[in-house]
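Data block for upload26.txt (compact mmCIF, C-alpha atoms):
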```txt
# COMPACT_ATOMS: atom_id res chain seq x y z
CA MET A 29 0.00 0.00 0.00
CA PRO A 30 2.75 2.54 0.73
CA ALA A 31 4.25 1.83 -2.70
CA ILE A 32 0.94 2.50 -4.45
CA LEU A 33 0.54 5.79 -2.65
CA ALA A 34 4.03 6.76 -3.61
CA ASN A 35 3.36 5.99 -7.28
CA ASN A 36 0.11 7.99 -7.28
CA CYS A 37 1.80 10.96 -5.73
CA GLY A 38 4.54 10.75 -8.28
CA THR A 39 2.14 10.90 -11.24
CA SER A 40 0.06 13.88 -9.90
CA PRO A 41 1.20 17.43 -10.70
CA MET A 42 3.27 19.08 -8.04
CA HIS A 43 1.32 21.56 -5.88
CA HIS A 44 3.03 24.86 -5.16
CA PRO A 45 1.88 26.93 -2.18
CA PRO A 46 0.63 30.43 -3.12
CA GLN A 47 3.23 33.15 -3.04
CA ALA A 48 2.64 36.00 -0.58
CA LEU A 49 3.08 38.56 -3.37
CA HIS A 50 0.31 36.96 -5.45
CA VAL A 51 -2.04 36.96 -2.46
CA LEU A 52 -1.48 40.69 -1.88
CA GLN A 53 -2.00 41.48 -5.54
CA GLY A 54 -5.27 39.55 -5.61
CA ALA A 55 -6.56 41.35 -2.52
CA GLN A 56 -5.85 44.76 -4.06
CA ARG A 57 -7.32 43.92 -7.46
CA GLN A 58 -10.51 45.88 -8.18
CA PRO A 59 -13.67 43.83 -8.83
CA HIS A 60 -15.13 43.77 -12.31
CA ALA A 61 -17.77 46.37 -13.16
CA HIS A 62 -20.55 43.79 -13.46
CA HIS A 63 -19.84 42.63 -9.89
CA ARG A 64 -20.08 46.13 -8.43
CA ALA A 65 -23.19 46.85 -6.40
CA PRO A 66 -25.17 49.71 -7.98
CA THR A 67 -25.05 53.22 -6.59
CA LEU A 68 -28.36 54.83 -5.63
CA VAL A 69 -29.02 58.58 -5.61
CA ILE A 70 -32.09 60.03 -3.85
CA ALA A 71 -33.51 63.49 -4.51
CA GLY A 72 -36.04 64.72 -1.95
CA ALA A 73 -35.26 62.42 0.99
CA THR A 74 -37.38 64.60 3.27
CA GLY A 75 -40.68 64.35 5.05
CA ALA A 76 -42.16 61.16 6.41
CA LEU A 77 -42.10 59.49 2.98
CA GLY A 78 -38.54 60.47 2.10
CA ASN A 79 -37.27 59.31 5.48
CA GLU A 80 -39.02 55.95 5.11
CA VAL A 81 -37.74 55.42 1.55
CA LEU A 82 -34.19 56.31 2.60
CA ARG A 83 -34.33 54.00 5.61
CA ARG A 84 -35.66 51.08 3.56
CA LEU A 85 -33.31 51.42 0.59
CA ALA A 86 -30.20 52.34 2.57
CA GLY A 87 -30.72 49.28 4.74
CA SER A 88 -30.94 47.04 1.68
CA ALA A 89 -27.89 45.06 0.61
CA ARG A 90 -28.68 45.69 -3.07
CA TYR A 91 -26.84 49.03 -3.16
CA GLY A 92 -23.19 49.56 -2.50
CA GLN A 93 -23.59 53.29 -1.88
CA VAL A 94 -26.49 55.69 -1.36
CA GLN A 95 -26.07 59.36 -2.24
CA VAL A 96 -28.57 61.94 -0.99
CA LEU A 97 -28.74 65.32 -2.72
CA ALA A 98 -28.23 68.16 -0.26
CA ARG A 99 -27.80 71.93 -0.20
CA GLU A 100 -25.08 71.90 2.45
CA PRO A 101 -22.91 69.24 4.11
CA VAL A 102 -24.28 67.51 7.19
CA ARG A 103 -23.39 64.33 9.04
CA THR A 104 -25.56 61.41 7.93
CA GLY A 105 -24.93 58.86 10.68
CA MET A 106 -25.96 55.97 8.39
CA ALA A 107 -23.67 53.35 6.92
CA ARG A 108 -23.03 53.58 3.15
CA VAL A 109 -24.97 56.88 2.97
CA GLU A 110 -23.22 60.00 1.70
CA LEU A 111 -24.41 63.50 0.88
CA ALA A 112 -23.89 64.92 -2.60
CA VAL A 113 -23.87 68.69 -2.17
CA CYS A 114 -25.45 70.53 -5.10
CA GLN A 115 -24.33 74.11 -5.61
CA GLY A 116 -26.64 76.64 -7.23
CA GLU A 117 -30.09 76.49 -8.76
CA ASP A 118 -28.91 75.81 -12.32
CA LEU A 119 -28.99 72.04 -12.56
CA ALA A 120 -27.17 72.11 -15.90
CA GLN A 121 -24.06 73.40 -14.06
CA TRP A 122 -24.06 70.74 -11.36
CA GLU A 123 -21.06 68.46 -11.07
CA THR A 124 -21.93 64.89 -12.02
CA HIS A 125 -21.77 61.98 -9.57
CA GLN A 126 -21.52 58.41 -10.81
CA ALA A 127 -24.82 56.60 -10.10
CA ASP A 128 -26.91 53.76 -11.50
CA VAL A 129 -30.36 54.13 -9.89
CA ALA A 130 -32.28 57.27 -8.88
CA VAL A 131 -35.40 57.91 -6.80
CA VAL A 132 -37.06 61.34 -6.94
CA MET A 133 -39.62 62.63 -4.41
CA PHE A 134 -41.20 66.03 -3.82
CA GLU A 135 -42.35 66.06 -0.19
CA PRO A 136 -41.20 69.29 1.52
CA PRO A 137 -38.87 69.03 4.51
CA ARG A 138 -40.15 69.11 8.05
CA MET A 139 -38.63 72.30 9.36
CA PHE A 140 -38.24 71.01 12.92
CA TYR A 141 -35.67 68.47 11.62
CA GLU A 142 -32.23 70.03 11.23
CA ARG A 143 -31.09 67.32 8.82
CA GLU A 144 -33.99 67.79 6.43
CA ARG A 145 -33.43 71.54 6.16
CA ALA A 146 -30.02 70.80 4.65
CA LEU A 147 -31.36 68.40 2.00
CA TRP A 148 -32.29 69.43 -1.54
CA VAL A 149 -35.88 68.91 -2.65
CA PRO A 150 -36.86 69.36 -6.31
CA THR A 151 -40.02 70.96 -7.59
CA ALA A 152 -42.21 69.51 -10.32
CA ALA A 153 -40.94 72.19 -12.71
CA GLN A 154 -37.33 71.06 -12.10
CA LEU A 155 -38.03 67.42 -12.93
CA PRO A 156 -36.96 67.53 -16.63
CA ALA A 157 -33.67 69.28 -15.78
CA LEU A 158 -33.07 66.91 -12.88
CA ALA A 159 -33.73 63.88 -15.07
CA ALA A 160 -31.27 65.17 -17.68
CA TRP A 161 -28.63 65.63 -14.97
CA LEU A 162 -29.26 62.12 -13.64
CA GLN A 163 -28.82 60.73 -17.11
CA ARG A 164 -25.46 62.49 -17.41
CA CYS A 165 -24.51 60.81 -14.12
CA GLY A 166 -25.07 57.42 -15.74
CA VAL A 167 -28.44 56.59 -14.15
CA ARG A 168 -30.27 53.82 -16.01
CA THR A 169 -33.23 53.29 -13.67
CA LEU A 170 -35.43 56.20 -12.54
CA VAL A 171 -38.33 56.01 -10.07
CA VAL A 172 -40.43 59.13 -9.51
CA VAL A 173 -42.97 59.33 -6.69
CA MET A 174 -45.48 61.80 -8.14
CA PRO A 175 -48.13 63.05 -5.70
CA HIS A 176 -51.49 64.36 -6.82
CA ALA A 177 -54.47 65.99 -5.15
CA GLN A 178 -56.65 63.53 -3.29
CA GLY A 179 -59.54 62.36 -5.43
CA GLN A 180 -58.83 64.85 -8.22
CA LEU A 181 -56.71 62.89 -10.71
CA PRO A 182 -58.89 61.76 -13.64
CA VAL A 183 -59.08 58.04 -14.23
CA ALA A 184 -57.77 58.51 -17.78
CA LEU A 185 -54.50 59.92 -16.39
CA GLN A 186 -53.93 57.36 -13.66
CA GLN A 187 -52.49 54.78 -16.08
CA GLY A 188 -50.61 57.23 -18.35
CA PHE A 189 -48.71 60.48 -18.39
CA ALA A 190 -50.32 63.32 -16.48
CA SER A 191 -48.24 66.12 -18.04
CA LEU A 192 -45.89 66.89 -20.90
CA SER A 193 -42.93 66.94 -18.50
CA GLU A 194 -43.60 63.31 -17.57
CA GLN A 195 -43.65 62.38 -21.23
CA SER A 196 -40.41 64.26 -21.91
CA VAL A 197 -38.66 62.60 -18.95
CA SER A 198 -39.83 59.17 -20.09
CA SER A 199 -38.42 59.75 -23.56
CA LEU A 200 -34.91 60.73 -22.41
CA GLY A 201 -33.62 57.20 -22.92
CA PHE A 202 -33.51 55.65 -19.44
CA GLU A 203 -33.51 51.86 -19.38
CA ARG A 204 -36.33 51.81 -16.81
CA VAL A 205 -38.71 54.57 -15.71
CA VAL A 206 -41.38 53.96 -13.05
CA TRP A 207 -43.98 56.58 -12.11
CA VAL A 208 -45.46 55.92 -8.67
CA ARG A 209 -48.67 57.91 -8.23
CA THR A 210 -49.87 58.60 -4.72
CA ALA A 211 -52.58 60.83 -3.32
CA GLU A 212 -51.38 63.50 -0.92
CA LYS A 213 -53.21 64.80 2.12
CA ARG A 214 -55.22 67.97 1.79
CA ALA A 215 -53.46 71.01 3.14
CA PRO A 216 -55.48 72.60 5.93
CA ALA A 217 -57.20 75.72 4.64
CA ALA A 218 -56.73 79.02 6.38
CA ARG A 219 -59.53 79.86 8.79
CA ALA A 220 -62.01 82.21 7.16
CA GLU A 221 -62.75 85.46 8.94
CA GLY A 222 -66.37 86.10 7.92
CA PHE A 223 -69.37 84.11 9.14
CA LEU A 224 -70.57 83.28 5.62
CA GLN A 225 -67.10 82.11 4.60
CA ARG A 226 -66.95 79.78 7.62
CA VAL A 227 -70.36 78.35 6.74
CA ARG A 228 -69.16 77.81 3.17
CA ASP A 229 -66.02 75.98 4.35
CA LEU A 230 -68.12 73.84 6.68
CA VAL A 231 -70.45 72.80 3.86
CA LEU A 232 -67.58 72.05 1.48
CA SER A 233 -65.75 70.02 4.12
CA VAL A 234 -68.62 67.53 4.08
CA PHE A 235 -67.66 66.51 0.55
CA SER A 236 -64.16 65.51 1.70
CA TYR A 237 -65.72 62.47 3.37
CA MET A 238 -67.17 61.38 0.03
CA VAL A 239 -63.72 60.56 -1.44
CA PRO A 240 -63.54 56.78 -2.07
CA ALA A 241 -61.22 54.80 0.18
CA SER A 242 -59.16 53.77 -2.85
CA GLN A 243 -58.26 57.43 -3.48
CA GLN A 244 -57.32 58.37 0.06
CA PRO A 245 -53.63 58.77 0.98
CA LEU A 246 -51.66 55.61 1.67
CA ARG A 247 -49.39 55.04 4.61
CA THR A 248 -45.81 56.11 3.95
CA ALA A 249 -44.60 52.58 4.74
CA HIS A 250 -46.75 51.21 1.90
CA VAL A 251 -45.49 53.77 -0.61
CA ALA A 252 -41.87 53.16 0.40
CA HIS A 253 -42.41 49.42 0.08
CA ALA A 254 -43.87 49.95 -3.39
CA VAL A 255 -40.79 51.94 -4.43
CA SER A 256 -38.51 49.17 -3.20
CA LEU A 257 -40.54 46.48 -4.99
CA ALA A 258 -40.64 48.51 -8.21
CA LEU A 259 -36.85 48.68 -8.21
CA GLN A 260 -36.73 44.89 -7.85
CA HIS A 261 -39.39 43.79 -10.34
CA ALA A 262 -39.73 46.48 -13.02
CA PRO A 263 -38.46 45.30 -16.42
CA ALA A 264 -37.09 47.59 -19.08
CA GLY A 265 -39.52 50.25 -20.29
CA VAL A 266 -41.81 52.91 -18.86
CA HIS A 267 -44.31 51.90 -16.18
CA VAL A 268 -47.03 53.76 -14.28
CA LEU A 269 -48.20 52.50 -10.89
CA SER A 270 -51.54 54.14 -10.18
CA HIS A 271 -52.72 54.99 -6.72
CA ASP A 272 -55.54 52.46 -7.06
CA MET A 273 -53.04 49.68 -7.82
CA LEU A 274 -51.04 50.54 -4.71
CA TRP A 275 -54.18 50.75 -2.58
CA GLN A 276 -55.29 47.30 -3.73
CA ALA A 277 -51.82 45.92 -3.07
CA SER A 278 -51.78 47.41 0.44
CA ARG A 279 -54.86 45.31 1.23
CA THR A 280 -53.76 42.04 -0.37
CA GLY A 281 -50.00 42.24 0.23
CA MET A 282 -47.42 44.40 -1.52
CA ALA A 283 -44.88 41.67 -2.18
CA GLN A 284 -47.51 39.32 -3.63
CA ALA A 285 -49.03 41.99 -5.90
CA ALA A 286 -45.77 43.50 -7.19
CA PRO A 287 -45.17 41.00 -10.06
CA SER A 288 -48.63 41.71 -11.48
CA TRP A 289 -47.87 45.43 -11.69
CA PHE A 290 -45.56 44.78 -14.62
CA ALA A 291 -47.39 41.88 -16.25
CA ALA A 292 -49.06 44.20 -18.79
CA PRO A 293 -46.96 45.65 -21.63
CA ALA A 294 -45.28 48.95 -20.75
CA PRO A 295 -46.65 52.05 -22.55
```
Let me see the file written as structure tokens.
Amino acid sequence: MPAILANNCGTSPMHHPPQALHVLQGAQRQPHAHHRAPTLVIAGATGALGNEVLRRLAGSARYGQVQVLAREPVRTGMARVELAVCQGEDLAQWETHQADVAVVMFEPPRMFYERERALWVPTAAQLPALAAWLQRCGVRTLVVVMPHAQGQLPVALQQGFASLSEQSVSSLGFERVVWVRTAEKRAPAARAEGFLQRVRDLVLSVFSYMVPASQQPLRTAHVAHAVSLALQHAPAGVHVLSHDMLWQASRTGMAQAAPSWFAAPAP
């Protein structure tokens, strides 16, 4: 038996232990581009919705880095989250930051939060310029959370583009564009001074209770979950997630309903 083992060892190729120099070179070698985790940039990470979306996506292992657009530097306190300071109001002059995925929201900051006052929030009019800047940064996937007045978006616009700016953004050439429509809460009206005006406001307030449940605002956790699921399941193309679709999914289960959102052909 010892002789047989000796013969087998003699016919096998000689094994050389790895050299220390080769080990160090392999540790310092950069990973290939297709193995790099994508970089996410968030515009409008303010308000209850922005905070929930940032918390959910930053805590996901799908992104190697999360950049939040800000007006001034501030400490984030979250792992893998950095601030990208944007100087000036002319978005065409902004310095580009390498990114792969972008999420845009429009909820204004809560002024009693110091951190949110330092963050940059776009307006609806700035969306085309912001989308063009994101495309120059290398973004291929764009998700826009577009709020609308509660119960006032026509049914014909819930499944398509609601404005020319949405159509222009969708035609810029992104690989994936997802419009997430969500009803926003009514802003409290200023208290009327005259007696007749107060009676008018009281009568009109009765109609606010006639808004169907499917058109009432969703919880921020449901909208943030929908954004996360859209980034996971959306195929190439332009997709519109109506508020009614999200409301139905919030009742039956977001994760179970997400694949059906993109079963129909993209417009």
Report as a tab-separated table the residues of stretch 239-270 of chain A within 12 Å of stretch 79-96 of chain A, each with its shortest atom pair and distance in Å (one decimal), using only C-alpha atoms, ordered by chain and increasing residue number.
```
residue	atom	partner	partner_atom	distance
A:Arg247	CA	A:Glu80	CA	10.4
A:Thr248	CA	A:Glu80	CA	6.9
A:Ala249	CA	A:Glu80	CA	6.5
A:His250	CA	A:Glu80	CA	9.6
A:Val251	CA	A:Val81	CA	8.2
A:Ala252	CA	A:Val81	CA	4.8
A:His253	CA	A:Val81	CA	7.7
A:Ala254	CA	A:Val81	CA	9.6
A:Val255	CA	A:Val81	CA	7.6
A:Ser256	CA	A:Leu85	CA	6.8
A:Leu257	CA	A:Leu85	CA	10.4
A:Ala258	CA	A:Leu85	CA	11.8
A:Leu259	CA	A:Leu85	CA	9.9
A:Gln260	CA	A:Arg90	CA	9.4
```
**Request:** Pick out the closest residue to A:Val129 from this set: A:Arg209, A:Arg99, A:His271, A:Arg168. Count only C-alpha atoms.
**Result:** A:Arg168
**Message:** Which residues are near A:Leu162? Cut-off 12 Å, only C-alpha atoms, ignore same chain within fewer than 2 positions. Put them as a PyMOL selection string.
**Reply:** chain A and resi 68-71+97+119-120+122-132+155-160+164-171+197+200-202
For the residues in the current selection, export C-alpha atoms as an mmCIF file, in the coordinates of the input.
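Output below, filename part-v5.cif:
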```cif
data_model
loop_
_atom_site.group_PDB
_atom_site.id
_atom_site.type_symbol
_atom_site.label_atom_id
_atom_site.label_comp_id
_atom_site.auth_asym_id
_atom_site.auth_seq_id
_atom_site.Cartn_x
_atom_site.Cartn_y
_atom_site.Cartn_z
ATOM 1 C CA LEU A 68 -28.360 54.830 -5.630
ATOM 2 C CA VAL A 69 -29.020 58.580 -5.610
ATOM 3 C CA ILE A 70 -32.090 60.030 -3.850
ATOM 4 C CA ALA A 71 -33.510 63.490 -4.510
ATOM 5 C CA LEU A 97 -28.740 65.320 -2.720
ATOM 6 C CA LEU A 119 -28.990 72.040 -12.560
ATOM 7 C CA ALA A 120 -27.170 72.110 -15.900
ATOM 8 C CA TRP A 122 -24.060 70.740 -11.360
ATOM 9 C CA GLU A 123 -21.060 68.460 -11.070
ATOM 10 C CA THR A 124 -21.930 64.890 -12.020
ATOM 11 C CA HIS A 125 -21.770 61.980 -9.570
ATOM 12 C CA GLN A 126 -21.520 58.410 -10.810
ATOM 13 C CA ALA A 127 -24.820 56.600 -10.100
ATOM 14 C CA ASP A 128 -26.910 53.760 -11.500
ATOM 15 C CA VAL A 129 -30.360 54.130 -9.890
ATOM 16 C CA ALA A 130 -32.280 57.270 -8.880
ATOM 17 C CA VAL A 131 -35.400 57.910 -6.800
ATOM 18 C CA VAL A 132 -37.060 61.340 -6.940
ATOM 19 C CA LEU A 155 -38.030 67.420 -12.930
ATOM 20 C CA PRO A 156 -36.960 67.530 -16.630
ATOM 21 C CA ALA A 157 -33.670 69.280 -15.780
ATOM 22 C CA LEU A 158 -33.070 66.910 -12.880
ATOM 23 C CA ALA A 159 -33.730 63.880 -15.070
ATOM 24 C CA ALA A 160 -31.270 65.170 -17.680
ATOM 25 C CA ARG A 164 -25.460 62.490 -17.410
ATOM 26 C CA CYS A 165 -24.510 60.810 -14.120
ATOM 27 C CA GLY A 166 -25.070 57.420 -15.740
ATOM 28 C CA VAL A 167 -28.440 56.590 -14.150
ATOM 29 C CA ARG A 168 -30.270 53.820 -16.010
ATOM 30 C CA THR A 169 -33.230 53.290 -13.670
ATOM 31 C CA LEU A 170 -35.430 56.200 -12.540
ATOM 32 C CA VAL A 171 -38.330 56.010 -10.070
ATOM 33 C CA VAL A 197 -38.660 62.600 -18.950
ATOM 34 C CA LEU A 200 -34.910 60.730 -22.410
ATOM 35 C CA GLY A 201 -33.620 57.200 -22.920
ATOM 36 C CA PHE A 202 -33.510 55.650 -19.440
#
```
To box stretch 204-209 of chain A, take all atoms listed in the file, fit an axis-aligned box, add 3 Å on each side, and give centre and edge lengths in Å to one decimal, as lines of an AutoDock Vina configuration file.
```
center_x = -42.5
center_y = 54.9
center_z = -12.5
size_x = 18.3
size_y = 12.1
size_z = 14.6
```
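Our summary of the geometry notes that atom CA of A:Val113 is positioned 12.0 Å from atom CA of A:Val149.
Minimum distance to A:Val208 across A:Glu144, A:Glu100, A:Asp272, A:Glu117 (counting only C-alpha atoms) occurs at A:Asp272.
Here atom CA of A:Met174 and atom CA of A:Glu135 stand 9.5 Å from one another.
Relative to atom CA of A:Val205, atom CA of A:Phe134 is found at 16.7 Å.
Distances here use all atoms listed in the file; by that measure, the residue among A:Ala264, A:Ala73, A:Met139, A:Ala277 closest to A:Glu203 is A:Ala264.
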